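File shown: run.cif. Contents: mmCIF, C-alpha atoms.
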```
data_model
loop_
_atom_site.label_atom_id
_atom_site.label_comp_id
_atom_site.auth_asym_id
_atom_site.auth_seq_id
_atom_site.Cartn_x
_atom_site.Cartn_y
_atom_site.Cartn_z
CA MET D 279 31.91 0.56 -0.46
CA PRO D 280 29.55 2.34 1.98
CA PRO D 281 28.51 0.43 5.10
CA ASP D 282 25.20 -1.39 5.11
CA PRO D 283 22.40 0.63 6.67
CA SER D 284 21.64 -0.31 10.24
CA PRO D 285 18.86 -2.86 10.73
CA PRO D 286 15.44 -1.23 10.69
CA ASP D 287 13.87 -0.39 14.03
CA PRO D 288 10.78 -2.63 14.14
CA ASP D 289 8.90 -0.08 16.25
CA ARG D 290 9.00 2.34 13.31
CA TYR D 291 7.03 -0.06 11.09
CA LEU D 292 3.30 0.19 11.74
CA LEU D 293 2.38 -2.74 9.47
CA ARG D 294 5.06 -5.26 10.45
CA GLY D 295 3.50 -8.70 10.54
CA LEU D 296 0.35 -7.48 8.77
CA LEU D 297 1.54 -6.71 5.24
CA ILE D 298 1.43 -9.67 2.85
CA CYS D 299 2.90 -9.88 -0.65
CA GLY D 300 0.02 -10.37 -3.08
CA THR D 301 2.24 -12.13 -5.58
CA CYS D 302 3.71 -14.92 -3.48
CA GLY D 303 1.77 -14.72 -0.19
CA GLU D 304 4.82 -14.21 2.02
CA PRO D 305 4.78 -11.69 4.87
CA MET D 306 6.70 -8.58 3.89
CA ARG D 307 9.56 -7.52 6.18
CA PRO D 308 10.60 -4.08 7.38
CA ALA D 309 13.75 -2.84 5.66
CA ALA D 310 15.71 0.32 5.05
CA THR D 311 17.26 1.34 1.75
CA ALA D 312 20.87 2.49 1.48
CA THR D 313 19.58 6.06 1.81
CA GLY D 314 17.62 5.20 4.96
CA ALA D 315 14.16 5.20 3.38
CA ARG D 316 11.76 2.87 5.16
CA THR D 317 10.27 0.08 3.05
CA TYR D 318 8.61 -3.29 3.35
CA VAL D 319 10.26 -5.98 1.26
CA CYS D 320 9.17 -9.38 0.06
CA PRO D 321 11.62 -12.05 1.25
CA THR D 322 11.18 -14.05 -1.96
CA SER D 323 13.99 -13.03 -4.32
CA ALA D 324 12.08 -13.92 -7.50
CA CYS D 325 9.00 -11.94 -6.45
CA THR D 326 7.70 -9.03 -8.51
CA TRP D 327 7.19 -6.94 -5.34
CA PRO D 328 10.73 -6.40 -4.12
CA ALA D 329 9.79 -3.36 -1.98
CA VAL D 330 6.95 -0.96 -1.18
CA PRO D 331 7.35 2.47 0.47
CA ALA D 332 6.54 2.12 4.17
CA ALA D 333 5.25 5.64 4.84
CA ASP D 334 2.86 5.49 1.88
CA VAL D 335 1.29 2.09 2.62
CA GLU D 336 1.09 2.94 6.32
CA GLN D 337 -0.76 6.16 5.50
CA LEU D 338 -3.24 4.28 3.28
CA ALA D 339 -3.81 1.59 5.92
CA ARG D 340 -4.25 4.14 8.71
CA ALA D 341 -6.78 6.10 6.63
CA ARG D 342 -8.75 2.94 5.88
CA TYR D 343 -8.70 1.92 9.54
CA THR D 344 -9.81 5.40 10.60
CA ALA D 345 -12.69 5.38 8.12
CA ARG D 346 -13.86 1.98 9.36
CA HIS D 347 -13.30 2.57 13.10
CA GLU D 348 -13.81 6.32 13.33
CA ALA D 349 -14.98 6.44 16.94
CA THR D 350 -11.99 4.57 18.36
CA ALA D 351 -9.38 5.68 15.82
CA THR D 352 -9.61 9.34 16.76
CA ARG D 353 -9.00 8.49 20.43
CA THR D 354 -6.14 6.05 19.86
CA PRO D 355 -2.83 7.52 21.06
CA ARG D 356 -0.01 7.47 18.51
CA ASP D 357 1.98 4.89 20.49
CA ARG D 358 -1.02 2.49 20.46
CA ARG D 359 -1.83 2.68 16.73
CA ARG D 360 -0.05 -0.54 15.86
CA ASP D 361 -1.90 -2.39 18.62
CA ALA D 362 -5.20 -1.02 17.31
CA LEU D 363 -4.38 -2.21 13.77
CA VAL D 364 -3.38 -5.68 15.01
CA ASP D 365 -6.64 -5.91 16.96
CA ALA D 366 -8.69 -4.92 13.90
CA LEU D 367 -6.85 -6.68 11.05
CA THR D 368 -5.53 -10.13 10.26
CA ALA D 369 -3.69 -9.02 7.11
CA ILE D 370 -3.21 -6.37 4.47
CA THR D 371 -2.32 -7.83 1.08
CA VAL D 372 -0.55 -5.77 -1.57
CA GLY D 373 -2.50 -6.01 -4.82
CA VAL D 374 -1.51 -5.27 -8.40
CA SER D 375 0.13 -2.03 -7.26
CA TRP D 376 1.28 -0.92 -3.82
CA ILE D 377 -1.67 1.48 -3.58
CA ASN D 378 -4.08 -1.41 -4.18
CA LEU D 379 -4.32 -2.91 -0.71
CA HIS D 380 -6.76 -5.67 0.30
CA TYR D 381 -7.78 -5.67 3.96
CA THR D 382 -8.80 -8.73 5.96
CA TRP D 383 -10.65 -7.43 9.03
CA ARG D 384 -11.20 -9.39 12.25
CA ASP D 385 -14.69 -7.98 12.75
#
```
Here is a file; write its structure as structure tokens.
Amino acid sequence: MPPDPSPPDPDRYLLRGLLICGTCGEPMRPAATATGARTYVCPTSACTWPAVPAADVEQLARARYTARHEATATRTPRDRRRDALVDALTAITVGVSWINLHYTWRD
């Protein structure tokens, strides 16, 4: 049996603490698949959203943030992007599909 993948590096997950499962309402956790692919997983075992692809939902969220906060988004350094998202959002809820995200903005 191959060894379990190492625990995910939380700094590699832009939406940690912001992504919410739309089915059960639980915060989704960073995780890595056996092949090392980054995902966010719902901690509820009976949930219909077991995992969503991290890179894809992060790209969608970043694009939405950039469209809404164009002036500041273009000047935000890469290492401060998570902080900018946390300042702007209270949550991102996964809808009926992982590309259907619902944003709850602070402003």
**Request:** Quote the spacing between CA of Leu367 (chain D) and CA of Arg384 (chain D) in Å to one decimal place.
**Result:** 5.3 Å
**Nearest to Ala315 (chain D) by atom-to-atom distance, counting all atoms listed in the file, from D:Ala349, D:Ala333, D:Cys302, D:Ile377** = D:Ala333
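With only C-alpha atoms as the atoms that count, the minimum distance from Leu379 (chain D) to the choices D:Met306, D:Ala324, D:Ala339, D:Leu292 is reached by D:Ala339.
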**Message:** From the options D:Leu363, D:Ala332, D:Cys325, D:Leu293, which residue's atoms come nearest to Ala309 (chain D), counting only C-alpha atoms?
**Reply:** D:Ala332
**Item:** Nearest residue to Gly303 (chain D) from the set D:Thr317, D:Glu348, D:Thr322, D:Asn378 (distances using all atoms listed in the file)
**Value:**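 Looking only at the distances to Gly303 (chain D), the closest residue turns out to be D:Thr322.
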Using the chain letters and residue numbers of this document, give as a compact mmCIF listing (two decimals) with C-alpha atoms, keeping the file's coordinate frame the residues selected by the PyMOL selection byres ((chain D and resi 371) around 9).
```txt
# COMPACT_ATOMS: atom_id res chain seq x y z
CA LEU D 296 0.35 -7.48 8.77
CA LEU D 297 1.54 -6.71 5.24
CA ILE D 298 1.43 -9.67 2.85
CA CYS D 299 2.90 -9.88 -0.65
CA GLY D 300 0.02 -10.37 -3.08
CA GLY D 303 1.77 -14.72 -0.19
CA PRO D 305 4.78 -11.69 4.87
CA ALA D 369 -3.69 -9.02 7.11
CA ILE D 370 -3.21 -6.37 4.47
CA VAL D 372 -0.55 -5.77 -1.57
CA GLY D 373 -2.50 -6.01 -4.82
CA ASN D 378 -4.08 -1.41 -4.18
CA LEU D 379 -4.32 -2.91 -0.71
CA HIS D 380 -6.76 -5.67 0.30
CA TYR D 381 -7.78 -5.67 3.96
CA THR D 382 -8.80 -8.73 5.96
```
**Request:** Pick out the residues sitting within 12 Å of His347 (chain D), and hand them over as number ranges by chain; count all atoms listed in the file, and ignore anything fewer than 3 positions along from it in its own chain.
**Result:** D: 339-344, 350-354, 362-363, 365-367, 383, 385
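Going from CA of Arg359 (chain D) over to CA of Arg294 (chain D), you cover 12.2 Å.
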**Request:** Figure out the distance between CA of Asp334 (chain D) and CA of Asp361 (chain D), please, to one decimal in Å.
**Result:** 19.1 Å
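In terms of minimum interatomic distance to Ala329 (chain D), D:Arg316 ranks closest within D:Arg356, D:Arg290, D:Arg346, D:Arg316, counting all atoms listed in the file.
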**Item:** Residue among D:Arg358, D:Trp376, D:Arg307, D:Tyr291 lying closest to Leu338 (chain D), counting only C-alpha atoms
**Value:** D:Trp376
Around all the atoms of region 318-327 of chain D listed in the file, draw an axis-aligned box and extend it by 6 Å on each of the six sides; I want its centre and edge lengths in Å to one decimal, as JSON.
```
{"center_x": 10.6, "center_y": -8.7, "center_z": -2.6, "size_x": 18.8, "size_y": 22.8, "size_z": 23.9}
```
Can we get region 302-314 of chain D of that structure written down with N, CA and C atoms, as a PDB file, in the first residue's frame?
```pdb
ATOM      1  N   CYS D 302     -24.142  21.000   2.881  1.00  0.00           N
ATOM      2  CA  CYS D 302     -24.315  20.828   4.329  1.00  0.00           C
ATOM      3  C   CYS D 302     -23.913  22.048   5.155  1.00  0.00           C
ATOM      4  N   GLY D 303     -23.279  23.052   4.508  1.00  0.00           N
ATOM      5  CA  GLY D 303     -22.923  24.270   5.221  1.00  0.00           C
ATOM      6  C   GLY D 303     -21.627  24.214   6.002  1.00  0.00           C
ATOM      7  N   GLU D 304     -20.900  23.130   5.897  1.00  0.00           N
ATOM      8  CA  GLU D 304     -19.630  22.997   6.621  1.00  0.00           C
ATOM      9  C   GLU D 304     -18.494  23.659   5.842  1.00  0.00           C
ATOM     10  N   PRO D 305     -17.521  24.232   6.547  1.00  0.00           N
ATOM     11  CA  PRO D 305     -16.344  24.758   5.850  1.00  0.00           C
ATOM     12  C   PRO D 305     -15.564  23.613   5.202  1.00  0.00           C
ATOM     13  N   MET D 306     -15.166  23.829   3.958  1.00  0.00           N
ATOM     14  CA  MET D 306     -14.395  22.800   3.258  1.00  0.00           C
ATOM     15  C   MET D 306     -12.926  22.933   3.651  1.00  0.00           C
ATOM     16  N   ARG D 307     -12.229  21.799   3.740  1.00  0.00           N
ATOM     17  CA  ARG D 307     -10.841  21.760   4.197  1.00  0.00           C
ATOM     18  C   ARG D 307      -9.887  21.530   3.036  1.00  0.00           C
ATOM     19  N   PRO D 308      -8.684  22.097   3.120  1.00  0.00           N
ATOM     20  CA  PRO D 308      -7.663  21.768   2.137  1.00  0.00           C
ATOM     21  C   PRO D 308      -7.283  20.290   2.251  1.00  0.00           C
ATOM     22  N   ALA D 309      -7.036  19.678   1.106  1.00  0.00           N
ATOM     23  CA  ALA D 309      -6.622  18.269   1.091  1.00  0.00           C
ATOM     24  C   ALA D 309      -5.833  18.016  -0.189  1.00  0.00           C
ATOM     25  N   ALA D 310      -5.096  16.929  -0.167  1.00  0.00           N
ATOM     26  CA  ALA D 310      -4.367  16.495  -1.358  1.00  0.00           C
ATOM     27  C   ALA D 310      -4.797  15.076  -1.680  1.00  0.00           C
ATOM     28  N   THR D 311      -4.959  14.799  -2.966  1.00  0.00           N
ATOM     29  CA  THR D 311      -5.305  13.438  -3.384  1.00  0.00           C
ATOM     30  C   THR D 311      -4.057  12.567  -3.319  1.00  0.00           C
ATOM     31  N   ALA D 312      -4.224  11.286  -3.553  1.00  0.00           N
ATOM     32  CA  ALA D 312      -3.089  10.362  -3.547  1.00  0.00           C
ATOM     33  C   ALA D 312      -2.060  10.733  -4.609  1.00  0.00           C
ATOM     34  N   THR D 313      -2.508  11.399  -5.669  1.00  0.00           N
ATOM     35  CA  THR D 313      -1.586  11.821  -6.725  1.00  0.00           C
ATOM     36  C   THR D 313      -0.991  13.199  -6.459  1.00  0.00           C
ATOM     37  N   GLY D 314      -1.396  13.838  -5.364  1.00  0.00           N
ATOM     38  CA  GLY D 314      -0.866  15.146  -5.007  1.00  0.00           C
ATOM     39  C   GLY D 314      -1.688  16.317  -5.502  1.00  0.00           C
TER      40      GLY D 314
END
```
